[in-house]
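Here is target15.cif, consisting of mmCIF, C-alpha atoms:
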data_work
#
loop_
_atom_site.label_atom_id
_atom_site.label_comp_id
_atom_site.auth_asym_id
_atom_site.auth_seq_id
_atom_site.Cartn_x
_atom_site.Cartn_y
_atom_site.Cartn_z
CA MET E 182 30.49 138.86 8.97
CA LEU E 183 27.95 136.50 7.44
CA ILE E 184 28.72 137.69 3.92
CA LYS E 185 32.43 137.36 4.63
CA SER E 186 32.12 133.80 5.82
CA LEU E 187 29.89 132.90 2.86
CA VAL E 188 32.52 134.25 0.46
CA ALA E 189 35.19 132.28 2.31
CA VAL E 190 33.15 129.08 2.03
CA PHE E 191 32.56 129.71 -1.68
CA LEU E 192 36.23 130.36 -2.49
CA ALA E 193 37.42 127.46 -0.36
CA ALA E 194 35.09 125.06 -2.17
CA ILE E 195 36.47 126.17 -5.54
CA LEU E 196 40.16 126.61 -4.85
CA THR E 197 41.61 125.08 -1.71
CA GLU E 198 39.20 122.19 -1.26
CA ASN E 199 38.42 121.49 -4.87
CA TYR E 200 36.26 118.39 -4.85
CA VAL E 201 37.91 116.77 -7.85
CA LEU E 202 41.54 117.71 -7.48
CA SER E 203 42.08 117.60 -3.74
CA LYS E 204 39.24 115.48 -2.38
CA PHE E 205 39.11 112.91 -5.19
CA LEU E 206 35.35 113.05 -5.58
CA GLY E 207 33.82 112.71 -9.03
CA ILE E 208 36.94 111.35 -10.72
CA CYS E 209 34.98 109.15 -13.16
CA PRO E 210 33.26 112.05 -14.99
CA PHE E 211 36.45 114.10 -14.63
CA LEU E 212 38.37 111.50 -16.63
CA GLY E 213 35.43 110.38 -18.78
CA VAL E 214 33.79 113.50 -20.16
CA SER E 215 36.62 116.02 -20.10
CA LYS E 216 37.71 115.24 -23.63
CA LYS E 217 35.72 118.03 -25.27
CA LEU E 218 35.05 121.47 -23.86
CA ASN E 219 31.30 121.55 -24.56
CA THR E 220 30.58 118.17 -22.97
CA ALA E 221 32.78 119.12 -20.00
CA VAL E 222 30.77 122.31 -19.47
CA GLY E 223 27.43 120.51 -19.94
CA MET E 224 28.30 117.85 -17.40
CA SER E 225 29.57 120.42 -14.88
CA VAL E 226 26.45 122.57 -15.15
CA ALA E 227 24.26 119.51 -14.62
CA VAL E 228 26.38 118.44 -11.62
CA THR E 229 26.25 121.93 -10.07
CA PHE E 230 22.49 122.05 -10.49
CA VAL E 231 21.96 118.65 -8.85
CA MET E 232 24.47 119.40 -6.08
CA VAL E 233 22.66 122.57 -5.00
CA LEU E 234 19.26 120.94 -5.28
CA ALA E 235 20.36 117.82 -3.38
CA THR E 236 21.90 119.88 -0.59
CA ALA E 237 18.77 122.03 -0.41
CA VAL E 238 16.70 118.90 0.22
CA THR E 239 19.01 116.66 2.28
CA PHE E 240 20.22 119.33 4.73
CA PRO E 241 16.75 119.99 6.23
CA ILE E 242 15.90 116.28 6.12
CA TYR E 243 18.97 115.49 8.19
CA THR E 244 18.67 118.40 10.63
CA TYR E 245 14.93 118.35 11.21
CA LEU E 246 14.04 114.70 10.66
CA LEU E 247 16.94 112.32 11.28
CA VAL E 248 18.70 114.13 14.17
CA PRO E 249 15.60 114.74 16.35
CA MET E 250 14.54 111.12 15.85
CA GLY E 251 18.04 109.75 16.49
CA MET E 252 18.23 107.98 13.15
CA GLU E 253 21.50 109.38 11.80
CA TYR E 254 22.49 105.88 10.71
CA LEU E 255 19.90 106.08 7.91
CA GLN E 256 21.87 108.93 6.34
CA THR E 257 23.56 106.89 3.59
CA VAL E 258 20.42 105.06 2.43
CA LEU E 259 18.19 108.11 2.62
CA PHE E 260 20.58 110.49 0.87
CA ILE E 261 21.25 108.22 -2.08
CA LEU E 262 17.53 107.61 -2.53
CA VAL E 263 16.76 111.32 -2.32
CA ILE E 264 19.44 112.08 -4.91
CA ALA E 265 18.26 109.30 -7.22
CA GLY E 266 14.66 110.48 -6.94
CA LEU E 267 15.63 114.10 -7.42
CA VAL E 268 17.67 113.36 -10.54
CA GLN E 269 14.74 111.44 -12.00
CA LEU E 270 12.37 114.30 -11.16
CA VAL E 271 14.64 116.91 -12.71
CA GLU E 272 14.88 114.79 -15.83
CA ILE E 273 11.10 114.48 -16.13
CA VAL E 274 10.49 118.18 -15.47
CA LEU E 275 13.16 119.28 -17.92
CA ARG E 276 11.91 116.96 -20.62
CA LYS E 277 8.36 118.25 -20.26
CA TYR E 278 8.88 121.99 -19.79
CA ILE E 279 12.34 122.97 -21.05
CA PRO E 280 13.12 120.55 -23.88
CA SER E 281 16.00 122.65 -25.18
CA LEU E 282 17.79 122.46 -21.83
CA TYR E 283 16.93 118.77 -21.61
CA ASN E 284 18.54 118.13 -24.96
CA SER E 285 21.81 119.64 -23.83
CA LEU E 286 21.93 118.46 -20.18
CA GLY E 287 19.59 115.45 -20.14
CA ILE E 288 22.17 112.94 -21.29
CA TYR E 289 24.32 113.62 -18.24
CA LEU E 290 21.56 113.28 -15.68
CA PRO E 291 21.40 109.45 -15.36
CA LEU E 292 25.16 109.45 -14.77
CA ILE E 293 24.89 111.90 -11.90
CA THR E 294 23.05 109.56 -9.54
CA THR E 295 26.20 107.53 -9.14
CA ASN E 296 28.51 110.54 -9.09
CA CYS E 297 30.22 110.42 -5.73
CA ALA E 298 30.81 114.18 -5.75
CA VAL E 299 27.08 114.83 -5.30
CA LEU E 300 26.68 112.41 -2.41
CA GLY E 301 30.01 113.63 -1.03
CA VAL E 302 28.91 117.28 -0.99
CA THR E 303 25.68 116.52 0.84
CA MET E 304 27.47 114.40 3.44
CA LEU E 305 30.65 116.41 3.98
CA VAL E 306 28.75 119.60 4.68
CA LEU E 307 27.01 117.96 7.63
CA GLN E 308 30.38 117.31 9.27
CA LYS E 309 30.90 121.07 9.39
CA VAL E 310 27.69 121.58 11.32
CA ASP E 311 28.61 121.85 14.97
CA SER E 312 26.37 124.22 16.87
CA THR E 313 28.85 124.43 19.78
CA THR E 314 31.40 126.46 17.76
CA ALA E 315 31.12 129.88 16.20
CA TYR E 316 32.07 128.53 12.75
CA THR E 317 29.15 126.22 12.31
CA TYR E 318 27.62 125.90 8.86
CA THR E 319 24.08 127.20 8.45
CA TYR E 320 21.65 126.29 5.67
CA GLY E 321 22.98 129.24 3.66
CA HIS E 322 26.58 128.08 4.08
CA ALA E 323 25.59 124.59 2.95
CA LEU E 324 23.96 125.92 -0.23
CA VAL E 325 26.89 128.22 -1.01
CA ASN E 326 29.28 125.34 -0.37
CA ALA E 327 27.35 123.11 -2.80
CA PHE E 328 27.32 125.85 -5.44
CA GLY E 329 31.05 126.45 -4.92
CA ALA E 330 31.76 122.73 -5.18
CA GLY E 331 29.90 122.65 -8.49
CA ILE E 332 31.79 125.67 -9.80
CA GLY E 333 35.04 124.07 -8.59
CA PHE E 334 34.09 120.96 -10.59
CA LEU E 335 33.43 123.18 -13.61
CA VAL E 336 36.79 124.95 -13.25
CA ALA E 337 38.64 121.65 -12.96
CA MET E 338 36.79 120.14 -15.92
CA VAL E 339 37.29 123.15 -18.19
CA MET E 340 40.99 123.44 -17.32
CA PHE E 341 41.46 119.76 -17.86
CA ALA E 342 39.59 119.77 -21.18
CA GLY E 343 42.14 122.37 -22.34
CA VAL E 344 45.05 120.24 -21.18
CA ARG E 345 43.62 117.19 -22.93
CA GLY E 346 43.15 119.16 -26.14
CA ARG E 347 46.87 119.85 -26.11
CA LEU E 348 47.64 116.20 -25.35
CA GLU E 349 45.76 115.07 -28.46
CA SER E 350 48.45 116.45 -30.72
CA ALA E 351 51.39 115.61 -28.47
CA ASP E 352 53.83 112.83 -29.22
CA ILE E 353 53.40 110.41 -26.34
CA PRO E 354 55.22 107.10 -25.68
CA LYS E 355 52.97 104.22 -26.73
CA SER E 356 52.45 102.69 -23.29
CA LEU E 357 51.42 106.05 -21.85
CA LYS E 358 48.75 106.71 -24.46
CA GLY E 359 45.16 107.09 -23.30
CA LEU E 360 44.44 106.90 -19.60
CA PRO E 361 48.00 106.89 -18.14
CA ILE E 362 49.02 110.22 -19.69
CA THR E 363 45.62 111.65 -18.72
CA LEU E 364 46.30 110.73 -15.11
CA VAL E 365 49.79 112.21 -15.21
CA ALA E 366 48.29 115.41 -16.64
CA ALA E 367 45.69 115.34 -13.86
CA ALA E 368 48.55 115.06 -11.35
CA LEU E 369 50.09 118.25 -12.74
CA VAL E 370 46.77 120.14 -12.72
CA SER E 371 46.19 118.98 -9.16
CA LEU E 372 49.72 120.12 -8.26
CA SER E 373 48.90 123.59 -9.49
CA PHE E 374 45.84 123.67 -7.22
CA LEU E 375 48.07 122.85 -4.24
CA GLY E 376 49.43 126.34 -4.75
CA PHE E 377 46.16 127.73 -3.42
CA ALA E 378 46.70 126.09 -0.01
CA GLY E 379 46.15 128.65 2.73
CA PHE E 380 45.02 131.23 0.19
CA VAL E 381 41.47 131.61 1.49
CA ASP E 382 42.48 131.64 5.16
CA LYS E 383 44.97 134.43 4.48
CA LEU E 384 42.60 136.41 2.29
CA ILE E 385 39.61 136.29 4.59
CA PRO E 386 40.70 135.45 8.12
CA LEU E 387 37.76 133.91 9.95
CA GLY E 388 37.24 134.99 13.52
CA MET O 107 30.45 83.86 -23.28
CA ALA O 108 31.91 80.44 -22.66
CA LYS O 109 30.88 78.79 -19.44
CA ARG O 110 33.44 79.33 -16.75
CA SER O 111 34.22 77.08 -13.82
CA LEU O 112 33.51 78.41 -10.33
CA PHE O 113 37.21 78.91 -9.69
CA GLN O 114 37.51 80.99 -12.85
CA GLU O 115 34.61 83.17 -11.69
CA PHE O 116 36.65 83.90 -8.60
CA SER O 117 40.06 84.29 -10.14
CA LYS O 118 39.16 86.48 -13.14
CA GLY O 119 38.67 89.54 -10.91
CA ILE O 120 42.15 89.32 -9.44
CA ILE O 121 44.31 89.72 -12.53
CA LYS O 122 42.57 89.24 -15.88
CA GLU O 123 39.64 91.59 -15.22
CA ASN O 124 41.07 93.50 -12.28
CA PRO O 125 38.38 96.12 -11.55
CA VAL O 126 40.84 98.93 -10.84
CA LEU O 127 43.70 98.36 -13.25
CA CYS O 128 41.96 96.77 -16.22
CA LEU O 129 38.35 97.96 -16.04
CA VAL O 130 39.32 101.30 -14.39
CA LEU O 131 36.35 101.39 -12.03
CA GLY O 132 36.21 102.81 -8.52
CA THR O 133 38.87 105.42 -9.16
CA CYS O 134 37.77 107.80 -6.39
CA PRO O 135 38.53 105.54 -3.40
CA THR O 136 41.60 104.18 -5.22
CA LEU O 137 43.11 107.64 -5.33
CA ALA O 138 41.80 108.98 -2.04
CA VAL O 139 42.46 106.33 0.59
CA THR O 140 45.76 104.90 -0.60
CA THR O 141 47.95 107.26 1.40
CA SER O 142 48.97 104.30 3.55
CA ALA O 143 48.88 100.53 3.21
CA PHE O 144 46.64 100.13 6.28
CA ASN O 145 43.98 102.47 4.88
CA ALA O 146 44.11 100.62 1.58
CA ILE O 147 43.42 97.27 3.26
CA GLY O 148 40.64 98.77 5.38
CA MET O 149 38.91 100.20 2.31
CA GLY O 150 39.46 96.99 0.34
CA VAL O 151 37.99 94.75 3.02
CA ALA O 152 34.99 97.03 3.60
CA ALA O 153 34.21 97.20 -0.13
CA THR O 154 34.69 93.43 -0.53
CA ALA O 155 32.22 92.74 2.28
CA VAL O 156 29.61 94.99 0.66
CA LEU O 157 30.30 93.53 -2.78
CA VAL O 158 29.90 89.89 -1.68
CA CYS O 159 26.70 90.57 0.30
CA SER O 160 25.08 92.77 -2.34
CA ASN O 161 25.99 90.35 -5.15
CA ALA O 162 24.42 87.49 -3.17
CA VAL O 163 21.17 89.35 -2.43
CA ILE O 164 20.83 90.85 -5.91
CA SER O 165 21.41 87.44 -7.45
CA LEU O 166 18.72 85.93 -5.20
CA LEU O 167 16.28 88.69 -6.17
CA ARG O 168 17.20 88.83 -9.84
CA LYS O 169 13.91 87.24 -10.96
CA VAL O 170 11.80 89.41 -8.63
CA ILE O 171 13.19 92.87 -9.43
CA PRO O 172 11.44 94.37 -12.48
CA ASP O 173 13.88 95.33 -15.18
CA LYS O 174 12.80 98.98 -15.29
CA VAL O 175 13.55 99.79 -11.66
CA ARG O 176 16.55 97.54 -11.26
CA ILE O 177 19.14 100.32 -10.82
CA PRO O 178 17.29 102.06 -7.92
CA ALA O 179 16.62 98.62 -6.41
CA TYR O 180 20.31 97.69 -6.63
CA ILE O 181 21.35 101.02 -5.11
CA THR O 182 18.97 100.53 -2.19
CA ILE O 183 20.32 97.04 -1.48
CA ILE O 184 23.90 98.26 -1.72
CA ALA O 185 23.17 101.26 0.52
CA GLY O 186 21.70 98.94 3.13
CA PHE O 187 24.85 96.82 3.28
CA VAL O 188 27.06 99.91 3.28
CA SER O 189 25.21 101.19 6.35
CA VAL O 190 25.75 97.84 8.09
CA VAL O 191 29.47 97.83 7.28
CA GLN O 192 29.74 101.48 8.32
CA MET O 193 28.23 100.71 11.74
CA LEU O 194 30.47 97.66 12.21
CA VAL O 195 33.60 99.62 11.34
CA LYS O 196 32.57 102.48 13.64
CA ALA O 197 32.08 100.05 16.51
CA PHE O 198 35.08 97.74 16.08
CA ALA O 199 37.71 99.72 14.14
CA PRO O 200 37.26 103.42 14.98
CA ALA O 201 40.77 104.23 13.71
CA ILE O 202 39.93 102.97 10.22
CA ASN O 203 36.61 104.83 10.36
CA ALA O 204 38.48 108.06 11.13
CA SER O 205 41.01 107.65 8.33
CA LEU O 206 38.56 106.53 5.64
CA GLY O 207 36.11 109.27 6.63
CA ILE O 208 33.58 110.10 3.95
CA PHE O 209 34.81 107.33 1.66
CA LEU O 210 33.26 104.63 3.83
CA PRO O 211 29.64 105.72 3.13
CA LEU O 212 30.68 106.56 -0.43
CA ILE O 213 31.13 102.83 -1.13
CA VAL O 214 27.45 103.15 -2.15
CA VAL O 215 28.40 104.96 -5.34
CA ASN O 216 31.51 102.88 -6.02
CA CYS O 217 31.11 101.89 -9.67
CA ILE O 218 32.64 98.45 -9.06
CA ILE O 219 29.75 97.36 -6.86
CA LEU O 220 26.93 98.68 -9.06
CA GLY O 221 28.89 97.48 -12.09
CA ARG O 222 29.09 93.90 -10.83
CA ALA O 223 25.42 93.98 -9.85
CA GLU O 224 24.44 95.12 -13.33
CA MET O 225 26.86 92.98 -15.30
CA PHE O 226 27.02 89.80 -13.27
CA ALA O 227 24.81 89.32 -10.22
CA GLY O 228 21.65 90.43 -12.05
CA LYS O 229 22.09 87.62 -14.57
CA ASN O 230 23.75 84.74 -12.72
CA PRO O 231 22.93 82.24 -9.92
CA VAL O 232 23.94 82.87 -6.33
CA LEU O 233 27.12 80.86 -5.95
CA PRO O 234 28.94 82.23 -9.02
CA SER O 235 27.79 85.74 -8.03
CA ILE O 236 29.28 85.41 -4.55
CA LEU O 237 32.56 84.11 -5.99
CA ASP O 238 32.57 86.87 -8.59
CA GLY O 239 32.08 89.46 -5.82
CA LEU O 240 34.81 87.89 -3.72
CA GLY O 241 37.23 87.79 -6.66
CA MET O 242 36.53 91.39 -7.67
CA GLY O 243 36.87 92.43 -4.02
CA VAL O 244 40.23 90.69 -3.70
CA GLY O 245 41.36 92.29 -6.98
CA PHE O 246 40.23 95.71 -5.72
CA THR O 247 42.03 95.19 -2.39
CA ALA O 248 45.20 94.00 -4.15
CA ALA O 249 45.28 97.04 -6.43
CA LEU O 250 44.65 99.40 -3.50
CA LEU O 251 47.34 97.68 -1.44
CA CYS O 252 49.78 98.00 -4.32
CA MET O 253 49.09 101.76 -4.58
CA GLY O 254 49.10 102.12 -0.79
CA ILE O 255 52.49 100.47 -0.40
CA ILE O 256 54.09 102.54 -3.18
CA ARG O 257 52.66 105.82 -1.90
CA GLU O 258 53.43 105.12 1.75
CA LEU O 259 56.97 103.96 0.96
CA LEU O 260 57.80 107.03 -1.13
CA GLY O 261 55.65 109.55 0.69
CA SER O 262 56.36 108.75 4.32
CA GLY O 263 59.28 106.34 3.94
CA SER O 264 57.49 103.52 5.74
CA VAL O 265 55.65 100.27 5.03
CA PHE O 266 52.68 99.44 7.28
CA GLY O 267 53.90 102.17 9.65
CA VAL O 268 57.43 100.70 9.97
CA GLN O 269 60.06 103.24 8.95
CA VAL O 270 62.31 101.79 6.21
CA LEU O 271 63.53 104.70 4.08
CA PRO O 272 65.63 107.57 5.48
CA PHE O 273 63.87 110.13 3.24
CA GLN O 274 60.31 111.15 2.43
CA ILE O 275 58.91 112.60 -0.76
CA LEU O 276 55.82 114.24 0.69
CA ILE O 277 54.19 114.86 -2.69
CA PHE O 278 53.38 111.13 -3.04
CA ILE O 279 50.87 111.20 -0.21
CA LEU O 280 49.35 114.45 -1.48
CA PRO O 281 46.66 114.36 -4.23
CA PRO O 282 49.05 114.84 -7.21
CA GLY O 283 51.06 111.81 -6.10
CA GLY O 284 47.89 109.73 -6.15
CA PHE O 285 47.11 110.65 -9.75
CA PHE O 286 50.72 110.06 -10.77
CA VAL O 287 51.15 106.64 -9.13
CA PHE O 288 47.78 105.51 -10.50
CA GLY O 289 48.81 106.64 -14.00
CA MET O 290 52.04 104.68 -13.73
CA LEU O 291 50.22 101.54 -12.53
CA ILE O 292 47.72 101.74 -15.40
CA MET O 293 50.61 102.17 -17.78
CA LEU O 294 52.20 99.02 -16.39
CA ALA O 295 48.91 97.10 -16.67
CA ASN O 296 48.45 98.33 -20.27
CA LYS O 297 51.98 97.29 -21.13
CA LEU O 298 51.47 93.80 -19.71
CA ASN O 299 48.10 93.51 -21.43
CA THR O 300 49.47 94.55 -24.83
CA ARG O 301 52.30 92.10 -24.43
CA ALA O 302 49.75 89.38 -23.76
CA GLY O 303 48.00 90.51 -26.95
CA LYS O 304 44.86 91.94 -25.36
CA LYS O 305 42.90 95.02 -26.35
CA VAL O 306 43.64 98.01 -24.15
CA LYS O 307 40.73 99.88 -22.66
CA THR O 308 40.72 103.51 -23.66
CA THR O 309 37.74 105.24 -22.06
CA PRO O 310 36.31 104.85 -18.58
CA CYS O 311 32.93 104.49 -20.30
CA ASP O 312 33.55 100.89 -21.38
CA GLY O 313 33.19 99.48 -17.90
CA CYS O 314 30.69 102.06 -16.67
CA PRO O 315 27.57 100.47 -15.17
CA MET O 316 25.44 103.31 -16.50
CA ALA O 317 26.77 102.93 -20.04
CA LYS O 318 23.64 101.02 -21.02
CA ASN O 319 21.43 103.94 -20.01
CA CYS O 320 23.31 106.34 -22.21
CA ALA O 321 24.42 103.83 -24.80
CA ASP O 322 22.51 105.43 -27.65
CA LYS O 323 23.93 108.87 -26.97
CA LYS O 324 27.15 110.10 -25.43
CA CYS O 325 28.77 106.80 -24.55
CA ALA O 326 28.24 105.41 -28.01
CA ASP O 327 30.02 108.43 -29.46
CA MET O 328 32.82 108.04 -26.98
CA LYS O 329 33.19 104.37 -27.74
CA LYS O 330 33.27 105.12 -31.45
CA GLU O 331 35.89 107.77 -30.80
CA ALA O 332 37.88 105.30 -28.72
CA THR O 333 37.89 102.64 -31.42
CA VAL O 334 38.91 105.20 -34.03
CA ASN O 335 41.75 106.31 -31.78
CA ALA O 336 42.78 102.72 -31.16
CA ASP O 337 43.10 102.13 -34.88
#
Would you mind writing the file out in structure tokens?
Amino acid sequence: MLIKSLVAVFLAAILTENYVLSKFLGICPFLGVSKKLNTAVGMSVAVTFVMVLATAVTFPIYTYLLVPMGMEYLQTVLFILVIAGLVQLVEIVLRKYIPSLYNSLGIYLPLITTNCAVLGVTMLVLQKVDSTTAYTYTYGHALVNAFGAGIGFLVAMVMFAGVRGRLESADIPKSLKGLPITLVAAALVSLSFLGFAGFVDKLIPLG
Amino acid sequence: MAKRSLFQEFSKGIIKENPVLCLVLGTCPTLAVTTSAFNAIGMGVAATAVLVCSNAVISLLRKVIPDKVRIPAYITIIAGFVSVVQMLVKAFAPAINASLGIFLPLIVVNCIILGRAEMFAGKNPVLPSILDGLGMGVGFTAALLCMGIIRELLGSGSVFGVQVLPFQILIFILPPGGFFVFGMLIMLANKLNTRAGKKVKTTPCDGCPMAKNCADKKCADMKKEATVNAD
């Protein structure tokens, strides 16, 4: 049952509740760095890494520190500071110990602090925690959800990089060139993801 | 930069440097909360309040904050005001709180606010900074309202909740409709800008507040690419 619900959470985060295409989180990097496949993948891997790490830290902070002390209102300030600190720490550690990884991912790290998808993932998952129902999210669910959200981001970015590659050689009306046609293409990609609606619920009925 | 009058500091954000349509900042809330005109105004007003307050405080502290830690300092100030606005909205407008949901706390990472802190409030005196924040906020609200009205009219056939059209095209209030309407609005803005003889922005990196941090690497490449494409 636990495995089943974890799989459901993972698939839902990628397909039906894709953070970029149906929740509109992380649109800036989605439009900004999706021009080339390798930068799109690099950015997504960095985002996934920070998402999982941020959730791993903020979830216990919220549950075991803020809730018992009745300070839920500090959530926004605390989470953004934790994420900013974490990103800085990851950057320092990578630079010192894994320079090759730093060279390929490091350039994306400063941009991730202000990526709303990361803050969104850490905050949205807490809304699913409701100990009075049977479907409450545990720590494991939260981590799987964060990982799924990152993979969903990767899928959206990679798909979109492909679409943009095709657009490069297409004959586009002058006023639509650049951002407008990119947004129209994003609309079509997002439309295709609407097709997944209800897919996870049908595949793995919860309860 | 030529010295601008106080009124110009205010008015530039509304049309000439509209943060959403010309600088293409703050795209996430623009796409997510514009399913109705009411939501758009709620988001616009909340962001404007944060923008004016944070611009004022950052401008006051601009000589105190060391250059190296300015971004974390700005984020902390902004997060403080966002929490205040969040509590006020929760207490006095619970309906707006429910419909904006996660995007209310996410004002913290709205690029417009950090962008104005970095580009304007960190370098200018208090009064121009407040007016700049107010102008950008009004421009943001106007662009959101524009999107909100179009999407609500086509998607639910109503304006501000009043039914006016006999049909509804549901797709306009779903995510794809958001991308599409936004694309069309940017196209319109580009068209007007080219007609006025202005350079059209091609990558979201140009207005990005973090561009300075990555200027020597990725963003520089992207800017180069953009200018090559523009030629």
Chain O near chain E within 6 Å: what's each residue's closest atom pair and its distance in Å to one decimal, counting all atoms listed in the file, ordered by chain then ascending residue number, as a tab-separated table?
residue	atom	partner	partner_atom	distance
O:Cys134	CA	E:Phe205	CA	5.4
O:Ala138	CA	E:Phe205	CA	5.7
O:Ala185	CA	E:Val258	CA	5.1
O:Val215	CA	E:Thr295	CA	5.1
O:Pro281	CA	E:Ser203	CA	5.6
O:Pro282	CA	E:Ala368	CA	4.2
O:Phe285	CA	E:Ala368	CA	4.9
O:Phe286	CA	E:Val365	CA	5.0
O:Gly289	CA	E:Pro361	CA	4.2
O:Ile292	CA	E:Pro361	CA	5.8
O:Met293	CA	E:Pro361	CA	5.4
O:Lys297	CA	E:Ser356	CA	5.8
O:Thr308	CA	E:Gly359	CA	5.7
O:Pro310	CA	E:Gly213	CA	5.6
Next, dump the selected residues to file, keeping only C-alpha atoms, as a compact mmCIF listing (two decimals), in the coordinates of the input.
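Writing done, so here's out12.txt:
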# COMPACT_ATOMS: atom_id res chain seq x y z
CA CYS O 134 37.77 107.80 -6.39
CA ALA O 138 41.80 108.98 -2.04
CA ALA O 185 23.17 101.26 0.52
CA VAL O 215 28.40 104.96 -5.34
CA PRO O 281 46.66 114.36 -4.23
CA PRO O 282 49.05 114.84 -7.21
CA PHE O 285 47.11 110.65 -9.75
CA PHE O 286 50.72 110.06 -10.77
CA GLY O 289 48.81 106.64 -14.00
CA ILE O 292 47.72 101.74 -15.40
CA MET O 293 50.61 102.17 -17.78
CA LYS O 297 51.98 97.29 -21.13
CA THR O 308 40.72 103.51 -23.66
CA PRO O 310 36.31 104.85 -18.58
Translate the PyMOL selection byres ((chain E and resi 196) around 10), as applied to the file shown, into an explicit residue set as a PDB file with C-alpha atoms, keeping the file's coordinate frame.
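The resulting file, out.pdb, is shown below:
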ATOM      1  CA  PHE E 191      32.560 129.710  -1.680  1.00  0.00           C
ATOM      2  CA  LEU E 192      36.230 130.360  -2.490  1.00  0.00           C
ATOM      3  CA  ALA E 193      37.420 127.460  -0.360  1.00  0.00           C
ATOM      4  CA  ALA E 194      35.090 125.060  -2.170  1.00  0.00           C
ATOM      5  CA  ILE E 195      36.470 126.170  -5.540  1.00  0.00           C
ATOM      6  CA  THR E 197      41.610 125.080  -1.710  1.00  0.00           C
ATOM      7  CA  GLU E 198      39.200 122.190  -1.260  1.00  0.00           C
ATOM      8  CA  ASN E 199      38.420 121.490  -4.870  1.00  0.00           C
ATOM      9  CA  TYR E 200      36.260 118.390  -4.850  1.00  0.00           C
ATOM     10  CA  LEU E 202      41.540 117.710  -7.480  1.00  0.00           C
ATOM     11  CA  SER E 203      42.080 117.600  -3.740  1.00  0.00           C
ATOM     12  CA  GLY E 329      31.050 126.450  -4.920  1.00  0.00           C
ATOM     13  CA  ALA E 330      31.760 122.730  -5.180  1.00  0.00           C
ATOM     14  CA  ILE E 332      31.790 125.670  -9.800  1.00  0.00           C
ATOM     15  CA  GLY E 333      35.040 124.070  -8.590  1.00  0.00           C
ATOM     16  CA  VAL E 336      36.790 124.950 -13.250  1.00  0.00           C
ATOM     17  CA  ALA E 337      38.640 121.650 -12.960  1.00  0.00           C
ATOM     18  CA  PHE E 374      45.840 123.670  -7.220  1.00  0.00           C
ATOM     19  CA  LEU E 375      48.070 122.850  -4.240  1.00  0.00           C
ATOM     20  CA  GLY E 376      49.430 126.340  -4.750  1.00  0.00           C
ATOM     21  CA  PHE E 377      46.160 127.730  -3.420  1.00  0.00           C
ATOM     22  CA  ALA E 378      46.700 126.090  -0.010  1.00  0.00           C
ATOM     23  CA  GLY E 379      46.150 128.650   2.730  1.00  0.00           C
ATOM     24  CA  PHE E 380      45.020 131.230   0.190  1.00  0.00           C
ATOM     25  CA  VAL E 381      41.470 131.610   1.490  1.00  0.00           C
TER      26      VAL E 381
END
Residue contacts of segment 117-129 of chain O (8 Å, all atoms listed in the file) excluding same-chain residues fewer than 3 positions away, as a list in words: Phe113, Gln114, Gly132, Thr133, Thr136, Ile218, Asp238, Gly241, Met242, Gly243, Val244, Gly245, Phe246, Ala248, Ala249, Leu291, Ile292, Ala295, Asn296, Lys307, Pro310, Asp312 and Gly313 of chain O
At a cut-off of 8 Å, using all atoms listed in the file, what residues contact Leu260 of chain O? Leave out same-chain residues fewer than 3 positions from it and give the result as a list in words.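 In the requested form, the answer reads Ile256, Arg257, Gly263, Ser264, Gln274, Ile275, Leu276 and Phe278 of chain O.
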Given the PyMOL selection byres ((chain O and resi 166) around 12) and the file above, list the residues it selects as a list in words.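 Selected by the PyMOL selection byres ((chain O and resi 166) around 12) in this file: Cys159, Ser160, Asn161, Ala162, Val163, Ile164, Ser165, Leu167, Arg168, Lys169, Val170, Ile171, Tyr180, Ile183, Ala223, Ala227, Gly228, Lys229, Asn230, Pro231, Val232, Leu233, Pro234, Ser235 and Ile236 of chain O.
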Using all atoms listed in the file, which of O:Ile177, O:Ile277, O:Val158, O:Ala152 sits nearest Val195 of chain O?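 Among the listed residues, O:Ala152 lies closest to Val195 of chain O.
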Which of these residues is nearest to Phe230 of chain E, using only C-alpha atoms: E:Phe328, E:Val263, E:Lys309, E:Ser281?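 Using only C-alpha atoms, the shortest distance to Phe230 of chain E belongs to E:Phe328.
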Selection in question (the file shown): the PyMOL selection byres ((chain O and resi 204-208) around 8). Which residues does it include, as a list of chain:residue names?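 Written out, the selection comes to E:Gly301, E:Met304, E:Leu305, O:Val139, O:Asn145, O:Met149, O:Pro200, O:Ala201, O:Ile202, O:Asn203, O:Phe209, O:Leu210, O:Pro211, O:Leu212.
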Skipping near chain neighbours, those fewer than 4 positions away, what residues fall within 7 Å of segment 339-349 of chain E using only C-alpha atoms, listed as a ChimeraX atom specification? /E:215-218,221-222,335
Using atom CA of Arg176 of chain O and atom CA of Gly221 of chain O as the two end points, give the distance in Å to one decimal. 12.4 Å
Go through E:Ala351, E:Met252, E:Ala189, E:Val271 and flag the residue nearest Tyr283 of chain E, using all atoms listed in the file for the distances.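 Looking at the shortest contact to Tyr283 of chain E, the residue is E:Val271.
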Do you have the atom CA of Leu157 of chain O-atom CA of Leu240 of chain O distance handy? 7.3 Å
Separation of atom CA of Ala199 of chain O and atom CA of Phe240 of chain E, in Å?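 Those two atoms sit 27.9 Å apart.
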Kindly list the centre and edge lengths in Å, rounded to one decimal, for the axis-aligned box that covers all listed atoms of segment 335-339 of chain E plus 5 Å on each of its six sides, as lines of an AutoDock Vina configuration file.
center_x = 36.0
center_y = 122.5
center_z = -15.6
size_x = 15.2
size_y = 14.8
size_z = 15.2
